[in-house]
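The block underneath contains the structure these notes are about, expressed in structure tokens.
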Amino acid sequence: MKTPLVQPAAPTPTATVSEFIATFAVILAAIVGLLLFDTALARVDVAERKAYAGREFASGQALIAQGKVEAAIEHLRTASTLDGENSTYGVALAQAILADGRPTEADQMLSPLLERNETDGATNLAMARVLAKEGKLDKAKAYYHRAIYGLWPRGADKSRTAARFELIDLLARANAKQELLSELLPIQDDTTNDLAQRKRIAHLFVVAGSPARAVVIFREILRRDTKDADAFVGLAEAALSLGDFATARTDLLAAQKLMPEDSSSLQSRVALTDSVISLDPTQSGLALPEQVRRSRNLVQMTLASVRKCLGVQAPQVAVALDSATLLLVSGRAAGQAQSVEQNLSLAEQLWGLRRSRCAPDGQDGALALIHGRIAQ
Amino acid sequence: MAAIKIRALPARLVRLVEDLRRKEDRLALLLSLVIGALVGLVVVAFILLTGRLTALMYPPGGSGWRRIVVPTIGSLVTGYLLFKYFPLARGSGIPQTRAALFIHDGRISLRSVVGKFVCCSISLATGIPLGREGPAVYMGSGLASVIARRLGLSRAQIRSLIPVGGAAALAAAFNTPIAAVLFSLEEIVGDLHAPVLGSIVLASAASWMVLHLVLGDNPLFHVPGYHLVSLKELGVYVVLGIVGGLSSVAFVKMLLWMRAKFAKMPRASLWIQPVAGGLTVGILGYFVPQVLGVGYDQVERVLNGDVILKVAITLAVLKIVATSVAYASGNAGGIFGPSLFIGSMVGATVGSVAHLLFPASTAGPGAYALVGMGTAFAGIIRTPLTSVIMIFEVTRDYTIIVPLMISNLIAFYISQKLQKEPIYEALARQDGLHLPRSSSRTHGAVPLVSSAAREVPQSLTPEMKISDAAERVKDSALESWPVADELGLIGMVRTRHIAHALDQGKLEMTIERLMQIARRSESDKSVDMPHVHNDQPLSRALARMRESGHKVLPVVSRANVRIMLGIVTFADILKEFGVESADELDYRDHPDL
């Protein structure tokens, strides 16, 4: 006879109500006890991890100071792994990796940090540096701005100013004059900046093509300290940029008097200024024949510069030579005043050609200054 | 008045408790939360204590000899504890959890839970390269089982709390609440539609909240945002899937092979066997320290792109060896964590090579390490859905999910093809446990073997003569007859073979000899002892009958296949399905059956 197989039924587990309540009470007590135990243990653990991470971070920073970037990365990575919440370690690691020439990796490292805290100034600044290194200038500028307007837990003003100056330097290197000027304007009247920074700002105004603002700052500095040689040099730079060569010479000589030990570099600048003054066909008070002579000289000098950069056989140079010859022939027939105008116009065209095709040449300093003045 | 209130309060409490016990769904809800919180806290304590102990064992700047001595002594201590006090705490804990669920009515002793906690803490802290997740699952399930039994719940309720505890533990151990739910359903229960889903979700959430309360909101790995650089990259991810799948198979096969070798050693050596693992790990760790421990810090480095090709290859190979020998020799710890380590190194290797060859159109090796983790997990653990969600949760990065799915599925497919049995089932089988596969599990009202099984007839013995056996079976209509020795079932012998031997006059031949001859015969497909389990569907029994050619199958215990619980016949199965055939054997005429 078939007997269906049935698992032998175990007695149904039972517990009295009091056992049930007692078990629950024990469980709840265990939960409370474990919560306290775990919390205490976690605090100790976190404190030790943070301390260890701090030591590793310090070691890493010390190694970076010694120029041992690769060894520093190991320590900084350990610090970052141990205390992932501390973005300082992550940022320091990313910067070390960037210094090691691995911008892509640094970029990947900073992205999650920014996702976690997109307003952190230091992280944004680090990302800006990475992007600048990668040549992504537009993105870099955006991150510099986030750094400037971001949150800095300590020394916010100083950090923001440093970030802004970094951006300014980047823009100056990229010759982005308009953007440079827009970055300089908010800080030109910032009285919290020290003297060195004021001078730097003034100098950058010259670079940004706004020498008049530089003059205002340097004069203000000289009002406070009439013996500030750097301010006189700065004024001279601004004056040169404005085409006021005589004032520039005066300022340089004043600086030379205040800094006799640095006379060689100043002497060369004075010499440059003298050269410019002697060549400038637009200088006021010159007799017409002298203007004609100087303008012809300017055409020849500019042509020589163009030849030097493009080569004699270049078709542009040939065209320019034809124009110059034609002009010199026709100049005899035309009036002297008209001749000066034509010479200056030709020189300007040639200079434009040179600038569009060739990199700036230090030997053409005088020419650049004269053409700068003519263009004004 | 106050006295009345004090007396009334317990009565109300008693009513409340009785009411709660009657309403199973409410009790399940409450227990899920309580178990989730408790298990979460226990697992957090386990993680923190293991971490503290590791810091003690390996202080910063410690000398190299520690890396040999500490794992060796650690494995010696755990080996003795496991042998003497906690034999069930050996290994991962996932197969044991499944055995508790499917074989032991959800019973896991408190002693085993304590043993797992102690032994795994020592094991992992001393640098044994095994994972904490499997043991945590066992601890969680064990605590759920202990609580359920202490509360006097029914067996069904106890069983239902096993995956609840497991999910809570994994959520805390791995900081992945969704993957914990999926793993519990996919691997432990083996059924994504299990009715305990709600409880599992609740427990997982409660445990995860506790984890965050204590340890804060930190993902297991901080990973940069990776994305697909170009569509061509998908080809590299396909290659990663293939390499990951092959590596997974190599790891699983090596581990099982080594474990089988250790299992053949004398039982008396059981306590010293883990030292073989500890010493091997120590020697490897002396030269390559990254081999020690579960190595999540190394994984994080690789995920962040800090990869040197040679190191990644070395670590992948050494970790496979170290984990295999450590696990096979009987140390306490799981393979969940090592799978991720191996996967990340394999991924980093493939990624580094790809990036060297196609720098413009591929991401850095970190992205491949990330996908590699999931690939190895899918290949080794064989839970593809869990692996995708887990990597997403671990990294909290959605952008890499498509390549991850592609690589995972390829690795899963390769693993399935080259290694038929999933690792946890194979490990259980090595321990003599026949765990049900998800494919063999039933949904709804499918008739089970238990409904058609009948009592075991008096078995034949191997030394029994043909003449005696023929006498025993002569009045039976059974076509096959069980043969058992003093340790239990050894096989089935066909009645017609006995009759044939009898006709040939081989009266003195033993049943054992007859079985040997039958096994050699090509026509007999029952070389491996065919059997079924009580909880398998009848369709499975029919399939087994077709495969083996036997119309009678023994019904055996999942805990020990030599323990026969009954037999099931072809006719009984047909009858269970309501099919009555004229030429059927009528067992009702044979009272001895």
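Letters A, B, ... mark the chains of the structure tokens in the order given; residue numbers begin at 1 per chain; ligand numbers begin at 1, in order shown.
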Within 7 Å of chain A, which residues belong to chain B? Use only C-alpha atoms and report them as a PDB file with C-alpha atoms, in the first residue's frame.
ATOM      1  CA  VAL B  14      -0.307  40.882  26.492  1.00  0.00           C
ATOM      2  CA  VAL B  17       1.551  40.875  21.736  1.00  0.00           C
ATOM      3  CA  LEU B  38      20.361  44.659  14.708  1.00  0.00           C
ATOM      4  CA  LEU B  41      24.860  47.133  13.859  1.00  0.00           C
ATOM      5  CA  VAL B  44      29.240  47.485  11.415  1.00  0.00           C
ATOM      6  CA  ALA B  45      30.846  46.208  14.632  1.00  0.00           C
ATOM      7  CA  LEU B  48      35.146  48.188  12.645  1.00  0.00           C
ATOM      8  CA  ARG B 150      13.505  32.668  20.425  1.00  0.00           C
ATOM      9  CA  LEU B 151      10.224  34.370  19.533  1.00  0.00           C
ATOM     10  CA  GLY B 152       8.656  30.980  18.949  1.00  0.00           C
ATOM     11  CA  LEU B 153       7.810  31.527  15.291  1.00  0.00           C
ATOM     12  CA  SER B 154       6.754  28.751  12.941  1.00  0.00           C
ATOM     13  CA  VAL B 214      27.321  55.211  12.453  1.00  0.00           C
ATOM     14  CA  LEU B 215      29.758  55.508   9.555  1.00  0.00           C
ATOM     15  CA  PRO B 224      35.976  59.372 -10.887  1.00  0.00           C
ATOM     16  CA  GLY B 225      33.163  59.833 -13.386  1.00  0.00           C
ATOM     17  CA  SER B 450       7.071  14.692  -1.898  1.00  0.00           C
ATOM     18  CA  SER B 451       3.450  14.386  -3.030  1.00  0.00           C
ATOM     19  CA  ALA B 452       4.148  11.250  -5.096  1.00  0.00           C
ATOM     20  CA  ALA B 453       6.897   9.672  -3.016  1.00  0.00           C
ATOM     21  CA  ARG B 454       6.356   6.484  -1.091  1.00  0.00           C
ATOM     22  CA  GLU B 455       8.166   4.773   1.740  1.00  0.00           C
ATOM     23  CA  GLY B 566      11.581   7.432   0.014  1.00  0.00           C
ATOM     24  CA  ARG B 588      -2.143  -1.769  -4.755  1.00  0.00           C
ATOM     25  CA  HIS B 590       1.528  -5.512  -3.616  1.00  0.00           C
ATOM     26  CA  PRO B 591       1.051  -4.761   0.036  1.00  0.00           C
ATOM     27  CA  ASP B 592       4.805  -4.817   0.750  1.00  0.00           C
ATOM     28  CA  LEU B 593       5.133  -1.653  -1.260  1.00  0.00           C
TER      29      LEU B 593
END
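The shell of residues at most 10 Å from Trp65 of chain B, with only C-alpha atoms counted and near chain neighbours (fewer than 3 positions) removed, consists of Gly62, Ile68, Val69, Val70, Gly282, Ile283, Gly285 and Tyr286 of chain B.
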*Where in segment 374-414 of chain B does DSSP assign alpha helix (DSSP H), given as a PyMOL selection string?*
chain B and resi 374-380+384-395+401-414
*Can you tell me, as JSON, numbers by chain, what residues are no more than 8 Å from segment 287-304 of chain B when counting only C-alpha atoms, ignoring any on the same chain fewer than 3 positions away?*
{"A": [81, 108, 109], "B": [67, 124, 125, 126, 127, 128, 129, 130, 131, 221, 222, 223, 224, 281, 282, 283, 284, 307, 315, 318, 319, 322, 337, 338, 341, 344, 345, 348, 365, 366, 367, 369, 370]}
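Taking atom CA of Ser459 of chain B and atom CA of Val556 of chain B as endpoints, the distance between them is 13.8 Å.
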*asked:* Env of Ile401 of chain B: 9 Å cut, atoms = only C-alpha atoms, seq-sep filter 2 positions within chain, self excluded. Answer as a list in words.
replied: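 Non-adjacent residues within range: Val371, Val388, Ile389, Ile391, Phe392, Asp397, Tyr398, Thr399, Pro403, Leu404, Met405 and Ile406 of chain B.
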*Would you please work out which residue, of B:Ser145, B:Gln430, B:Thr386, B:Thr362, is nearest to Met258 of chain B when using only C-alpha atoms?*
B:Gln430
Give me the segment 380-411 of chain B side of the contact with segment 238-257 of chain B, cut-off 6 Å, one line per residue showing its nearest atom pair and distance in Å at one decimal, counting only C-alpha atoms, sorted by chain and residue number, as CSV.
residue,atom,partner,partner_atom,distance
B:Ile380,CA,B:Ser248,CA,5.1
B:Ser407,CA,B:Gly241,CA,3.9
B:Ile410,CA,B:Gly241,CA,5.1
B:Ala411,CA,B:Gly245,CA,3.8
_Residue with smallest distance to Pro103 of chain A - pool A:Ala132, A:Ala359, A:Leu252, A:Leu195, counting only C-alpha atoms_ = A:Ala132
So which residues touch Ala140 of chain A within 9 Å, counting only C-alpha atoms, skipping near sequence neighbours fewer than 6 positions away, as an mmCIF file with C-alpha atoms, in the first residue's frame?
data_model
loop_
_atom_site.group_PDB
_atom_site.id
_atom_site.type_symbol
_atom_site.label_atom_id
_atom_site.label_comp_id
_atom_site.auth_asym_id
_atom_site.auth_seq_id
_atom_site.Cartn_x
_atom_site.Cartn_y
_atom_site.Cartn_z
ATOM 1 C CA LEU A 125 41.082 76.499 -8.716
ATOM 2 C CA MET A 127 40.419 72.203 -11.906
ATOM 3 C CA ALA A 128 41.113 75.557 -13.576
ATOM 4 C CA ARG A 129 44.840 74.821 -13.468
ATOM 5 C CA VAL A 130 44.266 71.374 -14.959
ATOM 6 C CA LEU A 131 42.182 72.784 -17.786
ATOM 7 C CA ALA A 132 44.698 75.563 -18.412
ATOM 8 C CA LYS A 133 47.389 72.902 -18.659
ATOM 9 C CA LEU A 167 43.625 84.070 -14.035
#
*Go through A:Ile168, A:Val215, A:Ala156, A:Val276 one by one, measure the shortest atom-to-atom distance of each to Leu298 of chain A using only C-alpha atoms, and give the residue with the smallest value.*
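Looking only at the distances to Leu298 of chain A, the closest residue turns out to be A:Val276.
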*Top pick for closest residue to Ser184 of chain B, considering B:Leu76, B:Val456, B:Leu385, B:Ile563 and counting only C-alpha atoms*: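 Closest residue, counting only C-alpha atoms: B:Leu385.
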*asked:* Considering only C-alpha atoms, can you say which of B:Pro274, B:Gly505, B:Pro554, B:Pro71 comes closest to Met492 of chain B?
replied: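 Closest to Met492 of chain B of all the choices is B:Pro554.
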*Determine, counting only C-alpha atoms, which protein, DNA and RNA residues have an atom within 12 Å of an atom of Phe57 of chain A; residues of the same chain fewer than 6 positions away are not included. Present the result as a list in words.*
Arg49, Lys50, Ala51, Leu63, Ile64, Ala71, Ala72, Ile73, Glu74, His75, Leu76, Arg77, Thr78, Ala79, Ser80, Thr81, Leu82, Asp83, Asn86, Ser87, Thr88, Tyr89, Gly90, Val91, Ala92, Leu93 and Ala96 of chain A
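Taking atom CA of Leu114 of chain A as the reference point, atom CA of Pro153 of chain A is found at 15.5 Å.
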*Long-range neighbours of Arg293 of chain A as a ChimeraX atom specification, 12 Å cut-off, only C-alpha atoms, 2 positions minimum in chain*: /A:278-282,286-291,295-300,328,331,336-337,339-340,343-344
*Straight-line distance linking atom CA of Asn534 of chain B with atom CA of Val113 of chain B, stated in Å to one decimal*: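 If I compute the distance from atom CA of Asn534 of chain B to atom CA of Val113 of chain B, I get 28.2 Å.
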